[in-house]
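Trainee: First the structure, then my questions, so here it is.
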Amino acid sequence: MLIYVVLLAALLPVAILLFHIYRKDKFCPEPTGQLVKAFVFGVLSLPLSLCISVPLYLSGVVTYNYATITDCIGSAFLGAAVPEESAKLFMLWLFLRKNKFYDEKVDGIVYAVCISLGFAALENITYLFSNLDTFVWISFLRALFAVPGHFCFGIMMGYYYSLAKFYPQSRTTNKILVLAAPIFAHGVYNSILFVISSEISALLSFILMIVFLVLCCKMWKLANRKINEHLERDRETLQEQPECNIEENGDCNENLNPKG
C-alpha cells in the first residue's frame with residue numbers, strides 16, 4: 001500500500017500540470033499519443049543527464065559539500081541545471097526534428113513541458129523512495145516548488161525553441177536562449193536552495209527564503225505570459241489561414257476560437 005501512496009504523491013502534481021498545459025493548447029490540440037511519447041522522452045532525459053553530472057562529481061569539478069557560496073553555485077549550475085536542461089533539450093530536439101505535428105508556436109511549449117515533466121516525474125519518484133521516512137513532507141515541498149519549477153523551465157525552453165523555428169530572422173539569438181534561459185533560471189533556483197541548506201545565519205536564510213518565494217512567483221507569471229504570447233501568435237496565423245488540416249495536424253477543434 002505504501003508504494004502506491006508514494007507513487008501517487010510523486011505523480012499527482014505532474015499529472016495536474018500536464019492537464020494544465022494540455023488545456024492551454026486551445027486551437028489544434030496535440031494527439032494524446034504524441035504527448036505520451038514526449039513524456040517518455042522526458043523520463044529518459046534523467047538518466048541521460050546523469051551521464052553528464054556524475055563524471056563531474058567523480059572528477060571533483062562539482063561537490064555535494066556546500067561549504068562556500070561558490071560550492072553552492074557551482075553545484076547548482078554544473079551539477080544540476082546544465083546537465084538536466086541539456087539532456088531535456090537533446091530529447092526535445094530528438095522528438096521534434098521530424099515531427100509533423102509541430103506546426104504551431106505553442107506546440108514547442110507543450111512538448112517541452114511534457115519532456116520536462118517526464119524528467120520531474122522520475123526525479124520525484126527517486127527522491128520520495130529514497131526518503132520514505134519523510135516522504136509526506138518532501139512530496140509536499142516538491143509538489144509546491146520542484147515540479148512547478150520544471151514546468152516553468154520547460155516553458156522557457158519551448159518558447160525559444162518555437163521562436164527559433166518559426167522566426168528565422170532571429171534564429172541565432174533564440175538558439176542560444178533555448179538553453180541559456182532555462183539553465184539560468186534553474187541555476188538561480190537551485191543556488192538559492194543550496195545556500196539555504198548550507199551553514200548560514202538564520203537571518204540570511206530567512207531573507208533568501210523570501211527571495212526564493214518571490215522568484216517562484218515571478219517564474220510562474222513569466223511562464224504563463226510566454227504561453228499566452230505564443231497562443232496569440234497562433235491565433236493571428238489561424239486568422240490568416242483559418243482552415244486547420246486534420247490529416248496533418250491530428251485532432252483539431254472545428255471552432256478555431258479559444259475554449260471558454
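A note on labels: chains of the C-alpha cells are A, B, ... as shown, every chain counts residues from 1, and ligands are counted from 1 in their shown order.
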Please build the interface table for stretch 74-133 of chain A against stretch 183-201 of chain A with a cut-off of 10 Å, listing for each qualifying residue the nearest atom pair and the distance in Å to one decimal; count only C-alpha atoms, order rows by chain and increasing number, and write it as a Markdown table.
Mentor:
| residue | atom | partner | partner_atom | distance |
| --- | --- | --- | --- | --- |
| A:Gly74 | CA | A:Ser191 | CA | 8.2 |
| A:Ser75 | CA | A:Ser191 | CA | 7.8 |
| A:Ala76 | CA | A:Asn190 | CA | 5.1 |
| A:Phe77 | CA | A:Gly187 | CA | 4.7 |
| A:Leu78 | CA | A:Gly187 | CA | 8.4 |
| A:Gly79 | CA | A:Gly187 | CA | 9.4 |
| A:Ala80 | CA | A:Gly187 | CA | 7.4 |
| A:Ala81 | CA | A:Ile183 | CA | 5.1 |
| A:Val82 | CA | A:Ile183 | CA | 5.8 |
| A:Pro83 | CA | A:Ile183 | CA | 9.0 |
| A:Glu84 | CA | A:Ile183 | CA | 8.5 |
| A:Glu85 | CA | A:Ile183 | CA | 6.1 |
| A:Ser86 | CA | A:Ile183 | CA | 8.3 |
Trainee: Can you list every residue of stretch 143-222 of chain A that has an atom at most 12 Å from stretch 20-33 of chain A, with its nearest atom pair and the distance in Å to one decimal, using only C-alpha atoms, ordered by chain then number, as a Markdown table?
Mentor:
| residue | atom | partner | partner_atom | distance |
| --- | --- | --- | --- | --- |
| A:Pro148 | CA | A:His20 | CA | 11.2 |
| A:Phe151 | CA | A:Ile21 | CA | 9.2 |
| A:Cys152 | CA | A:Ile21 | CA | 10.9 |
| A:Gly154 | CA | A:Ile21 | CA | 10.9 |
| A:Ile155 | CA | A:Ile21 | CA | 9.6 |
Trainee: Figure out the distance between atom CA of A:Ala10 and atom CA of A:Phe135, please, to one decimal in Å.
Mentor: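 We find that atom CA of A:Phe135 and atom CA of A:Ala10 lie 9.3 Å from each other.
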Trainee: Using Å and a single decimal, report how far atom CA of A:Tyr160 sits from atom CA of A:Ile125.
Mentor: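 Separation of atom CA of A:Ile125 and atom CA of A:Tyr160: 29.0 Å.
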Trainee: Between atom CA of A:Cys72 and atom CA of A:Phe119, measure the distance and give it in Å to one decimal.
Mentor: 22.4 Å
